[in-house]
Amino acid sequence: MTATALEILKTVYGYDAFKGPQQRIIEHVIAGNNAFVLMPTGGGKSLCYQIPAIARPGLGLVVSPLLALMADQVAALRQAGVRAAALNSDLSADDRQTLWRDVHGGTLDLLYVAPETLMRTDVLERLGGVKLSLIAIDEAHCLSQWGHDFRPSYRQLDAVVARFADTPRMALTATADEPTRAEILSHLAIAETDAFIAGFDRPNIRYAIEEKDNPRAQLKAFLKRHDGESGIVYCLSKRKTEETAAWLREQGHDALCYHAGMDKAARESNQMRFQHGEAVVMVATIAFGMGIDKPDVRFVAHIDLPGSIEAYYQETGRAGRDGLPSETLMLYGSEDIALRGRFIEESDAPDQRKRMERQKLDALLGLAETAGCRRQALLAYFGDRSAPCGNCDTCAEPPRLFDGTTSAQKALSCIYRTGERFGQAYVVDVLLGVENDRIAQLGHDRVSTFGIGTEHDNRTWRAILRQLIALRLVDVDLAGHGGLSIAAAGRDFLRDKPTLMLRVPQPPRARRDKLARS
Ligand code: ADP
Ligand code: ZN
């Protein structure tokens, strides 16, 4: 009689219950199905392939990129009485012989192997007649050509999988956005219905995103709610971290900075002070991240737009590891969008990579501009479905929407009439009918859209244009001076004129607080 998944969980691992979606995944694979498993680090992915490998007859093949990790896993499994081994180039001739004898004798449950080793023809030949219980590909995002951890040998795993077509295959990862996910599924021929995505929710973290109006005042108001607590303030540049830290010290905060331009000793000393301090504000670039294991980080603020939704999730995820309520704030403005865009355009990355980066930026802007629940939108990006959370800024104060159809038409016409080459500030001035020398010189005080937008103020028009950019109705010339032009979807919009609901710009919290007080 074969042991059930729960019996294995109890006897081998000593745990009482499955975590999150583990049970569903394990039963799905034990039944002989493929699976794609996307779970954050620490979510418990290993059990998802180890238990089926133990429960099913045959040898479970685990492809893993890291030798050290493999050795740890094998040692832990053996200690628990599981017949596991790792095949790698460090093995002595004797050990190698023993290993193959065990494999062919059917006395192993799990064999860990690096992709390079697995691809060797002698290894594939020796595995030829072996009955496999499953093939698990850990860190599966390594097969994505456009990902940061691309490993060419991972790319060839589709051939191995095809060779053992009747064997259930699993791909596991903690980092996969929509395009990478699609790439993994299609490359390994795993169906969408075999995808399990869960565990991304961090319910104790509150999310808030505000438009950048007066960043220092906004940061000050945010920190006021966190007196006596520690947290991180992320900035884009080294210079800005230093300036912001200095300013915060003037404001009476115990602020330190951390960026790659500092010498190692200073970085380590600041990290130590943060780690052990009571009320330390770490002002940092993204260089600050690896190896922070402070459980009581109570807040994370981004005073510049992060690089992507993944980066935002990772960076905000450093708050509240202890499970207690924690708060995050992201500020973003049009300059951030232009700057991020310029990074992409000016990089030496191949075109396909750039396109991907642009999509990621769009997704992040979509999150910033959403009128719905932030958490729901964030989790949806990772494929995790959820209900509105009640614990984010848009849930607490649902943004007011207005019918922006006419406004959008006016904005698009004005961009068109002025030749699709001017930036946001100029277009807004023309809409508002501002009389200045530049507009007069260019004759734009005589176009039909001059002064047709006096129903909104400057701030509202900027918010409208930002939403049109986020909605991809308007393109920004990122390589040049941020000139606005009408995107394909914008042309469709002008032709079909569907109703377009837009957000009413919210005064930032700093100002709201002041208004409430006065
Ligand atoms: P991942 O590979 O997703 O990063 P691991 O498989 O290493 O995560 O698991 C993370 C931690 O959670 C490990 O210490 C593991 O022993 C523990 N764990 C996994 N499943 C359970 C469970 N059902 N109950 C309790 N602890 C678990
Ligand atoms: Zn919410």
# chains A, B, ... in the order shown; residues from 1 in each chain; ligands from 1
$ residues_near_ligand --ligand "ligand 1" --cutoff "9 Å" --atoms "only C-alpha atoms and all ligand atoms" --output "PDB file with C-alpha atoms, in the first residue's frame"
ATOM      1  CA  LEU A   9       3.917  14.910   5.517  1.00  0.00           C
ATOM      2  CA  TYR A  13       8.604  15.949   7.675  1.00  0.00           C
ATOM      3  CA  GLY A  14       6.889  16.003  11.042  1.00  0.00           C
ATOM      4  CA  TYR A  15       4.322  18.640   9.981  1.00  0.00           C
ATOM      5  CA  ASP A  16       0.650  18.425  10.834  1.00  0.00           C
ATOM      6  CA  ALA A  17      -0.939  20.240   7.954  1.00  0.00           C
ATOM      7  CA  PHE A  18      -0.252  21.397   4.435  1.00  0.00           C
ATOM      8  CA  LYS A  19       0.487  25.021   3.749  1.00  0.00           C
ATOM      9  CA  GLY A  20      -1.558  27.016   1.242  1.00  0.00           C
ATOM     10  CA  GLN A  22       0.413  22.355  -1.265  1.00  0.00           C
ATOM     11  CA  GLN A  23      -2.190  19.644  -0.886  1.00  0.00           C
ATOM     12  CA  LEU A  38       4.465  29.742  -8.701  1.00  0.00           C
ATOM     13  CA  MET A  39       4.905  30.551  -5.026  1.00  0.00           C
ATOM     14  CA  PRO A  40       7.013  33.113  -3.250  1.00  0.00           C
ATOM     15  CA  THR A  41      10.244  32.046  -1.586  1.00  0.00           C
ATOM     16  CA  GLY A  42       9.519  30.223   1.631  1.00  0.00           C
ATOM     17  CA  GLY A  43       6.088  29.197   0.406  1.00  0.00           C
ATOM     18  CA  GLY A  44       6.983  25.512   0.579  1.00  0.00           C
ATOM     19  CA  LYS A  45       7.631  24.491  -3.015  1.00  0.00           C
ATOM     20  CA  SER A  46      10.031  21.650  -2.232  1.00  0.00           C
ATOM     21  CA  LEU A  47       7.349  19.476  -0.660  1.00  0.00           C
ATOM     22  CA  CYS A  48       5.226  19.893  -3.771  1.00  0.00           C
ATOM     23  CA  GLN A  73      18.250  19.241   0.395  1.00  0.00           C
ATOM     24  CA  ASP A 138      13.158  23.978  -9.907  1.00  0.00           C
ATOM     25  CA  LEU A 172       8.558  25.574  -9.998  1.00  0.00           C
ATOM     26  CA  THR A 173       9.596  29.168  -9.429  1.00  0.00           C
ATOM     27  CA  ALA A 174       9.173  32.153  -7.143  1.00  0.00           C
TER      28      ALA A 174
END
$ select_by_dssp --residues "segment 87-145 of chain A" --states "strand (DSSP E or B)" --output "ChimeraX atom specification"
/A:87,110-113,132-137
$ write_last_selection --atoms "C-alpha atoms" --output "short mmCIF file (atom, residue, chain, number, x, y, z; two decimals), in the first residue's frame"
data_model
loop_
_atom_site.label_atom_id
_atom_site.label_comp_id
_atom_site.auth_asym_id
_atom_site.auth_seq_id
_atom_site.Cartn_x
_atom_site.Cartn_y
_atom_site.Cartn_z
CA LEU A 87 24.39 13.60 -9.35
CA LEU A 110 14.77 11.41 -5.58
CA LEU A 111 17.72 12.27 -7.76
CA TYR A 112 18.88 15.88 -7.89
CA VAL A 113 20.79 16.88 -10.97
CA LEU A 132 10.53 7.99 -13.50
CA SER A 133 7.86 9.15 -11.06
CA LEU A 134 8.18 12.78 -12.15
CA ILE A 135 10.54 15.39 -13.51
CA ALA A 136 10.64 18.55 -11.40
CA ILE A 137 12.35 21.65 -12.76
#
$ residues_near_ligand --ligand "ligand 2" --cutoff "9 Å" --atoms "only C-alpha atoms and all ligand atoms" --output "VMD selection string"
chain A and resid 206 to 207 372 to 377 387 to 396
$ write_last_selection --atoms "N, CA and C atoms" --output "PDB file, in the first residue's frame"
ATOM      1  N   ARG A 206      -0.108  47.181   4.236  1.00  0.00           N
ATOM      2  CA  ARG A 206      -1.065  48.090   3.633  1.00  0.00           C
ATOM      3  C   ARG A 206      -0.385  48.776   2.452  1.00  0.00           C
ATOM      4  N   TYR A 207      -1.085  48.837   1.331  1.00  0.00           N
ATOM      5  CA  TYR A 207      -0.515  49.460   0.145  1.00  0.00           C
ATOM      6  C   TYR A 207      -1.181  50.805  -0.117  1.00  0.00           C
ATOM      7  N   GLY A 372      -9.403  50.351  -8.710  1.00  0.00           N
ATOM      8  CA  GLY A 372      -9.798  49.207  -7.886  1.00  0.00           C
ATOM      9  C   GLY A 372      -8.808  48.965  -6.758  1.00  0.00           C
ATOM     10  N   CYS A 373      -8.985  47.845  -6.072  1.00  0.00           N
ATOM     11  CA  CYS A 373      -8.137  47.484  -4.937  1.00  0.00           C
ATOM     12  C   CYS A 373      -6.688  47.258  -5.393  1.00  0.00           C
ATOM     13  N   ARG A 374      -5.743  47.885  -4.691  1.00  0.00           N
ATOM     14  CA  ARG A 374      -4.315  47.727  -5.049  1.00  0.00           C
ATOM     15  C   ARG A 374      -3.861  46.281  -4.878  1.00  0.00           C
ATOM     16  N   ARG A 375      -4.270  45.685  -3.765  1.00  0.00           N
ATOM     17  CA  ARG A 375      -3.812  44.334  -3.488  1.00  0.00           C
ATOM     18  C   ARG A 375      -4.332  43.374  -4.556  1.00  0.00           C
ATOM     19  N   GLN A 376      -5.597  43.563  -4.895  1.00  0.00           N
ATOM     20  CA  GLN A 376      -6.200  42.697  -5.907  1.00  0.00           C
ATOM     21  C   GLN A 376      -5.432  42.821  -7.234  1.00  0.00           C
ATOM     22  N   ALA A 377      -5.090  44.058  -7.598  1.00  0.00           N
ATOM     23  CA  ALA A 377      -4.362  44.285  -8.846  1.00  0.00           C
ATOM     24  C   ALA A 377      -2.951  43.701  -8.768  1.00  0.00           C
ATOM     25  N   ALA A 387     -10.232  38.818  -3.587  1.00  0.00           N
ATOM     26  CA  ALA A 387     -11.294  39.820  -3.471  1.00  0.00           C
ATOM     27  C   ALA A 387     -10.677  41.137  -3.002  1.00  0.00           C
ATOM     28  N   PRO A 388     -11.401  42.270  -3.137  1.00  0.00           N
ATOM     29  CA  PRO A 388     -10.874  43.534  -2.615  1.00  0.00           C
ATOM     30  C   PRO A 388     -10.522  43.399  -1.131  1.00  0.00           C
ATOM     31  N   CYS A 389      -9.418  44.044  -0.727  1.00  0.00           N
ATOM     32  CA  CYS A 389      -8.836  43.724   0.573  1.00  0.00           C
ATOM     33  C   CYS A 389      -9.365  44.546   1.740  1.00  0.00           C
ATOM     34  N   GLY A 390      -9.852  45.734   1.460  1.00  0.00           N
ATOM     35  CA  GLY A 390     -10.283  46.586   2.565  1.00  0.00           C
ATOM     36  C   GLY A 390      -9.136  47.213   3.333  1.00  0.00           C
ATOM     37  N   ASN A 391      -7.908  46.962   2.909  1.00  0.00           N
ATOM     38  CA  ASN A 391      -6.750  47.465   3.646  1.00  0.00           C
ATOM     39  C   ASN A 391      -5.735  48.122   2.717  1.00  0.00           C
ATOM     40  N   CYS A 392      -6.215  48.865   1.720  1.00  0.00           N
ATOM     41  CA  CYS A 392      -5.300  49.633   0.886  1.00  0.00           C
ATOM     42  C   CYS A 392      -5.935  51.004   0.675  1.00  0.00           C
ATOM     43  N   ASP A 393      -5.174  51.901   0.062  1.00  0.00           N
ATOM     44  CA  ASP A 393      -5.698  53.267  -0.061  1.00  0.00           C
ATOM     45  C   ASP A 393      -6.971  53.335  -0.894  1.00  0.00           C
ATOM     46  N   THR A 394      -7.031  52.575  -1.985  1.00  0.00           N
ATOM     47  CA  THR A 394      -8.223  52.677  -2.832  1.00  0.00           C
ATOM     48  C   THR A 394      -9.439  51.989  -2.199  1.00  0.00           C
ATOM     49  N   CYS A 395      -9.197  50.953  -1.370  1.00  0.00           N
ATOM     50  CA  CYS A 395     -10.321  50.342  -0.654  1.00  0.00           C
ATOM     51  C   CYS A 395     -10.831  51.299   0.423  1.00  0.00           C
ATOM     52  N   ALA A 396      -9.880  51.949   1.112  1.00  0.00           N
ATOM     53  CA  ALA A 396     -10.268  52.845   2.204  1.00  0.00           C
ATOM     54  C   ALA A 396     -10.998  54.072   1.663  1.00  0.00           C
TER      55      ALA A 396
END
$ select_by_dssp --residues "segment 291-385 of chain A" --states "helix (DSSP H, G or I)" --output "PyMOL selection string"
chain A and resi 309-316+334-346+351-369+374-381
$ residues_around --residues "Arg417 of chain A" --least-positions-apart "4" --cutoff "10 Å" --atoms "only C-alpha atoms" --output "PyMOL selection string"
chain A and resi 411-413+427+444+447-450
$ closest_residue --among "A:Ala171, A:Ala301, A:Ala176, A:Ala114" --to "Ser326 of chain A" --atoms "only C-alpha atoms"
A:Ala301
$ closest_residue --among "A:Pro203, A:Leu471, A:Gly419, A:Asp429" --to "Ser485 of chain A" --atoms "only C-alpha atoms"
A:Gly419
$ residues_around --residues "segment 344-353 of chain A" --least-positions-apart "4" --cutoff "12 Å" --atoms "only C-alpha atoms" --output "count of residues only"
23
$ closest_residue --among "A:Glu210, A:Arg249, A:Leu365, A:Gln441" --to "Met330 of chain A" --atoms "only C-alpha atoms"
A:Glu210
$ closest_residue --among "A:Gln409, A:Thr167, A:Ser153, A:Gln314" --to "Asp496 of chain A" --atoms "only C-alpha atoms"
A:Gln409
$ atom_distance --atom1 "atom CA of Thr460 of chain A" --atom2 "atom CA of Lys212 of chain A"
13.4 Å
$ closest_residue --among "A:Ile486, A:Val82, A:Met501, A:Val283" --to "Asp304 of chain A" --atoms "only C-alpha atoms"
A:Val283
$ atom_distance --atom1 "atom CA of Pro115 of chain A" --atom2 "atom CA of Ala84 of chain A"
17.4 Å
